[in-house]
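Novice: What follows is a single structure, and I will ask about it in a moment.
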Amino acid sequence: MTDKAILTVNDKQFERPLVTGSEGGPAVDVSQLLSLTGLTTFDPALANTAVCRSAITYIDGEQGVLRYRGIPIEQFEHNPSFVEAAWLLIFGHLPQASELAYFRERLTANELLHEGLKNQFHYIPTDAPPMAILSAMVSNLACFHKQFLELEDAEKLVEAAARLISKVRTIAAFSYRRSRGLPFIYPDPSLRYCANFLHMMFSLPYRQYIAPPEIEEALNLIFILHADHEQNCSTTAVRVVGSARANLFASCAAGVSALWGPLHGGANVEVIDMLERIHRGGLSPEQCIRDAKDKNNPFRLFGFGHRVYRNFDPRARMLKTLCEKVLPNLRYKDPLLDIARKLEDLALADPYFIERKLYPNVDFYSGILLRGMGIPTNMFTVIFAIGRLPGWIAHWKEQHDDANARIMRPRQIYTGSAPIDYVPIDKR
């Protein structure tokens, strides 16, 4: 294969180099295109533009492949904890036993919120959206941990990462408790990461909630499967803000805000809402499939297809298996799961869905699992944010460590008015 591309503009030819990664196809380097030709590229939503080089996560959408630092996502199903996966993503290697023990110790040491930050919850309306609370509180952490606004050495980054990853679950649990008018439950240093979060969510004074092992395992895998996914909307938001040398707290708060969008982090909520409408309306899965294929029907089938994957989302396979393993053990029969299974069976056998490669994605099953754990729908995206935080930190670090990184400043195609004169108000 040639190592360059030839661009022809008005009978003039310009050579541009190809940039090749360790996997995947090459990209045409157009970074000097404007100075050479006077042209910019037009790529709405950056759908075909690589904005960075990254060694964190690899996706092959055609083959249904997802890897963290080279490790296939399927190998995370039974082995590592979310804390171990977080270290891998942020620091680029599986932790040694001493590193993992130290990181866990720092997570435990930083699980409490400053009382000044905790008291701010009392001034938040009880019906405030949990994602609004999460975004505000992550940003407010900068007020209480100003020593981490500049992260110029590895030790400081470990400490800042531990603070964020630990405190985000406390913030999330407190936001849930505030919405229910329940007293805040402090973290228990004797519990592991996921069990501690569930304790803060569901314990009552003098009645501690001890998460069943299968629930703790399920939440651990949900966090891992959401931990990173290349240059998605929220990760790109973190990189854009971080490119201005904004601190880690501000950059991750931007990620939370981007994730709040229903087209990104709210997709599993849409799936649950759809399944509930189907259940309430008495619709059969067969009718739903017919309606989804009818262009004139307003019915939409959520949870199928993906912007990147043109094959089965590997995370969906793992969560489907987890649903079948966990929910029966809880003696929890969810009619929505039966509907979801039937919809999947019908779609995977239907030529319309097969030809368009509309396979179930990760959101199709994650909502069912979260319901089984007792997590309310308005907390689904918060759970997503807790899981995605290590990925955001990893991308912020990767960009921060890149000596050639520049502030992101996209171009535009101007479509406004040509030059006109200002008209005084008395002559308009």
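Lettering and numbering for the structure tokens are positional, with chains as A, B, ... in the shown order, residues counted from 1 in each chain, and ligands counted from 1 in the shown order.
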Would you tabulate, counting only C-alpha atoms, all residues of stretch 50-107 of chain A that have an atom at most 8 Å from an atom of stretch 392-409 of chain A, showing the closest pair of atoms and their distance in Å to one decimal, sorted by chain then ascending number, as JSON lines?
Specialist:
```
{"residue": "A:Ser54", "atom": "CA", "partner": "A:Glu398", "partner_atom": "CA", "distance": 7.4}
{"residue": "A:Ile56", "atom": "CA", "partner": "A:Ala394", "partner_atom": "CA", "distance": 7.5}
{"residue": "A:Leu89", "atom": "CA", "partner": "A:Ala394", "partner_atom": "CA", "distance": 5.9}
{"residue": "A:Ile90", "atom": "CA", "partner": "A:Ala394", "partner_atom": "CA", "distance": 4.1}
{"residue": "A:Phe91", "atom": "CA", "partner": "A:Ala394", "partner_atom": "CA", "distance": 7.3}
```
Novice: Given the selection you just returned, output its residues as a file containing all heavy atoms, formatted as a PDB file, in the first residue's frame.
Specialist:
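File produced: again39.pdb:
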```pdb
ATOM      1  N   SER A  54      -4.415   7.552  19.932  1.00  0.00           N
ATOM      2  CA  SER A  54      -4.694   7.048  21.275  1.00  0.00           C
ATOM      3  C   SER A  54      -4.317   5.578  21.378  1.00  0.00           C
ATOM      4  O   SER A  54      -4.524   4.800  20.444  1.00  0.00           O
ATOM      5  CB  SER A  54      -6.176   7.222  21.622  1.00  0.00           C
ATOM      6  OG  SER A  54      -6.439   6.743  22.928  1.00  0.00           O
ATOM      7  N   ILE A  56      -5.434   3.734  24.100  1.00  0.00           N
ATOM      8  CA  ILE A  56      -6.253   3.276  25.220  1.00  0.00           C
ATOM      9  C   ILE A  56      -7.211   2.163  24.807  1.00  0.00           C
ATOM     10  O   ILE A  56      -7.174   1.060  25.360  1.00  0.00           O
ATOM     11  CB  ILE A  56      -7.010   4.463  25.847  1.00  0.00           C
ATOM     12  CG1 ILE A  56      -6.019   5.509  26.357  1.00  0.00           C
ATOM     13  CG2 ILE A  56      -7.920   3.982  26.983  1.00  0.00           C
ATOM     14  CD1 ILE A  56      -6.648   6.825  26.751  1.00  0.00           C
ATOM     15  N   LEU A  89      -6.665   1.192  32.346  1.00  0.00           N
ATOM     16  CA  LEU A  89      -6.998   2.233  31.378  1.00  0.00           C
ATOM     17  C   LEU A  89      -6.177   3.501  31.608  1.00  0.00           C
ATOM     18  O   LEU A  89      -5.644   4.084  30.665  1.00  0.00           O
ATOM     19  CB  LEU A  89      -8.494   2.559  31.453  1.00  0.00           C
ATOM     20  CG  LEU A  89      -9.445   1.507  30.875  1.00  0.00           C
ATOM     21  CD1 LEU A  89     -10.883   1.844  31.237  1.00  0.00           C
ATOM     22  CD2 LEU A  89      -9.290   1.405  29.363  1.00  0.00           C
ATOM     23  N   ILE A  90      -6.052   3.915  32.859  1.00  0.00           N
ATOM     24  CA  ILE A  90      -5.405   5.188  33.156  1.00  0.00           C
ATOM     25  C   ILE A  90      -3.896   5.111  32.991  1.00  0.00           C
ATOM     26  O   ILE A  90      -3.275   5.993  32.390  1.00  0.00           O
ATOM     27  CB  ILE A  90      -5.760   5.657  34.583  1.00  0.00           C
ATOM     28  CG1 ILE A  90      -7.269   5.913  34.692  1.00  0.00           C
ATOM     29  CG2 ILE A  90      -4.990   6.927  34.946  1.00  0.00           C
ATOM     30  CD1 ILE A  90      -7.754   6.121  36.116  1.00  0.00           C
ATOM     31  N   PHE A  91      -3.299   4.031  33.489  1.00  0.00           N
ATOM     32  CA  PHE A  91      -1.833   3.978  33.553  1.00  0.00           C
ATOM     33  C   PHE A  91      -1.204   3.034  32.528  1.00  0.00           C
ATOM     34  O   PHE A  91       0.015   2.927  32.458  1.00  0.00           O
ATOM     35  CB  PHE A  91      -1.397   3.614  34.970  1.00  0.00           C
ATOM     36  CG  PHE A  91      -1.874   4.608  35.994  1.00  0.00           C
ATOM     37  CD1 PHE A  91      -2.906   4.294  36.856  1.00  0.00           C
ATOM     38  CD2 PHE A  91      -1.326   5.881  36.054  1.00  0.00           C
ATOM     39  CE1 PHE A  91      -3.377   5.219  37.787  1.00  0.00           C
ATOM     40  CE2 PHE A  91      -1.782   6.810  36.976  1.00  0.00           C
ATOM     41  CZ  PHE A  91      -2.811   6.478  37.841  1.00  0.00           C
TER      42      PHE A  91
END
```
Novice: Per DSSP on the backbone, what are the helix (DSSP H, G or I) residues of stretch 200-347 of chain A, as number ranges by chain?
Specialist: A: 200-202, 213-225, 233-243, 248-259, 267-281, 285-293, 314-329, 335-347
Novice: Dump as a tab-separated table the rows for residues of stretch 1-113 of chain A within 12 Å of stretch 299-307 of chain A: closest atom pair and distance in Å with one decimal, only C-alpha atoms counted, ordered by chain and rising residue number.
Specialist:
```
residue	atom	partner	partner_atom	distance
A:Ala45	CA	A:Arg307	CA	11.7
A:Ala47	CA	A:Arg307	CA	9.3
A:Asn48	CA	A:Arg307	CA	11.7
A:Ile59	CA	A:Arg307	CA	11.7
A:Asp60	CA	A:Arg307	CA	11.9
A:Gly61	CA	A:Arg307	CA	8.8
A:Glu62	CA	A:His306	CA	11.0
A:Gly64	CA	A:His306	CA	10.7
```
Novice: Determine, using only C-alpha atoms, which residues of stretch 325-367 of chain A have any atom at most 12 Å from an atom of stretch 290-297 of chain A, and tabulate each with its shortest atom pair and distance in Å to one decimal place, rows ordered by chain and then rising number, as a tab-separated table.
Specialist:
```
residue	atom	partner	partner_atom	distance
A:Leu343	CA	A:Arg290	CA	10.9
A:Leu346	CA	A:Arg290	CA	10.2
A:Ala347	CA	A:Arg290	CA	10.2
A:Asp350	CA	A:Arg290	CA	10.2
A:Pro351	CA	A:Lys293	CA	10.8
A:Tyr352	CA	A:Lys293	CA	7.5
A:Phe353	CA	A:Lys293	CA	8.8
A:Arg356	CA	A:Lys293	CA	11.3
A:Leu358	CA	A:Ala292	CA	11.6
```
Novice: Those residues you just picked out, can you put them in a file as an mmCIF file, in the first residue's frame with C-alpha atoms?
Specialist:
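Wrote it out as selection.cif, contents follow:
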```cif
data_model
loop_
_atom_site.group_PDB
_atom_site.id
_atom_site.type_symbol
_atom_site.label_atom_id
_atom_site.label_comp_id
_atom_site.auth_asym_id
_atom_site.auth_seq_id
_atom_site.Cartn_x
_atom_site.Cartn_y
_atom_site.Cartn_z
ATOM 1 C CA LEU A 343 -37.713 -8.769 20.434
ATOM 2 C CA LEU A 346 -37.402 -11.830 16.220
ATOM 3 C CA ALA A 347 -34.944 -9.144 15.106
ATOM 4 C CA ASP A 350 -35.652 -10.915 10.391
ATOM 5 C CA PRO A 351 -33.976 -10.096 7.023
ATOM 6 C CA TYR A 352 -34.732 -6.375 7.536
ATOM 7 C CA PHE A 353 -32.591 -6.230 10.673
ATOM 8 C CA ARG A 356 -29.051 -3.467 8.075
ATOM 9 C CA LEU A 358 -29.250 -3.848 13.543
#
```
Novice: Neighbouring residues of A:His114 were defined as those with any atom within 9 Å, considering only C-alpha atoms; residues of the same chain fewer than 5 positions away were excluded. Please report them as a JSON list (two decimals) with N, CA and C atoms, in the first residue's frame.
Specialist:
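Wrote part09.json, looks like this:
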```
[["chain", "number", "residue", "atom", "x", "y", "z"],
["A", 119, "ASN", "N", -22.66, 19.46, 52.60],
["A", 119, "ASN", "CA", -23.74, 20.35, 53.02],
["A", 119, "ASN", "C", -24.45, 21.03, 51.84],
["A", 141, "LEU", "N", -15.61, 19.79, 43.19],
["A", 141, "LEU", "CA", -14.46, 19.15, 43.85],
["A", 141, "LEU", "C", -13.20, 19.99, 43.69],
["A", 144, "PHE", "N", -12.43, 22.18, 46.62],
["A", 144, "PHE", "CA", -11.99, 21.57, 47.87],
["A", 144, "PHE", "C", -10.68, 20.81, 47.73]]
```
Novice: Interatomic distance between atom CA of A:Asp228 and atom CA of A:Ile71?
Specialist: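 Spanning atom CA of A:Asp228 to atom CA of A:Ile71 is a straight-line distance of 12.7 Å.
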Novice: So how far away is atom CA of A:Ala244 from atom CA of A:Asp29, in Å?
Specialist: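 Taking atom CA of A:Asp29 as the start and atom CA of A:Ala244 as the end point, the length is 22.6 Å.
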Novice: Need to verify the contact set: A:Leu36, 10 Å, only C-alpha atoms, exclusion of same-chain residues closer than 4 positions in sequence. Can you return it as a CSV table (one decimal) with N, CA, C and O atoms, in the first residue's frame?
Specialist:
```
chain,number,residue,atom,x,y,z
A,14,PHE,N,-1.8,17.5,-4.8
A,14,PHE,CA,-1.2,17.7,-3.6
A,14,PHE,C,-1.0,16.3,-2.9
A,14,PHE,O,-2.0,15.5,-2.8
A,15,GLU,N,0.2,16.1,-2.4
A,15,GLU,CA,0.4,14.8,-1.7
A,15,GLU,C,0.2,15.0,-0.2
A,15,GLU,O,0.6,16.0,0.4
A,30,VAL,N,-4.6,15.5,7.0
A,30,VAL,CA,-5.1,16.8,6.4
A,30,VAL,C,-4.8,18.0,7.2
A,30,VAL,O,-5.3,19.1,7.0
A,31,SER,N,-3.9,17.8,8.2
A,31,SER,CA,-3.6,18.9,9.2
A,31,SER,C,-3.0,20.1,8.5
A,31,SER,O,-3.2,21.3,9.0
A,32,GLN,N,-2.3,20.0,7.3
A,32,GLN,CA,-1.7,21.1,6.6
A,32,GLN,C,-2.5,21.5,5.4
A,32,GLN,O,-2.0,22.2,4.5
```
Novice: Residues near A:Leu117, anyone? I mean within 12 Å using only C-alpha atoms, not counting same-chain ones fewer than 2 positions away, as a list in words.
Specialist: Leu112, Leu113, His114, Glu115, Asn119, Gln120, Phe121, His122, Tyr123, Ile124, Ile133, Ala136, Met137, Val138, Ser139, Asn140, Leu141, Ala142, Cys143, Phe144, His145, Lys167, Thr170, Ile171 and Phe174 of chain A
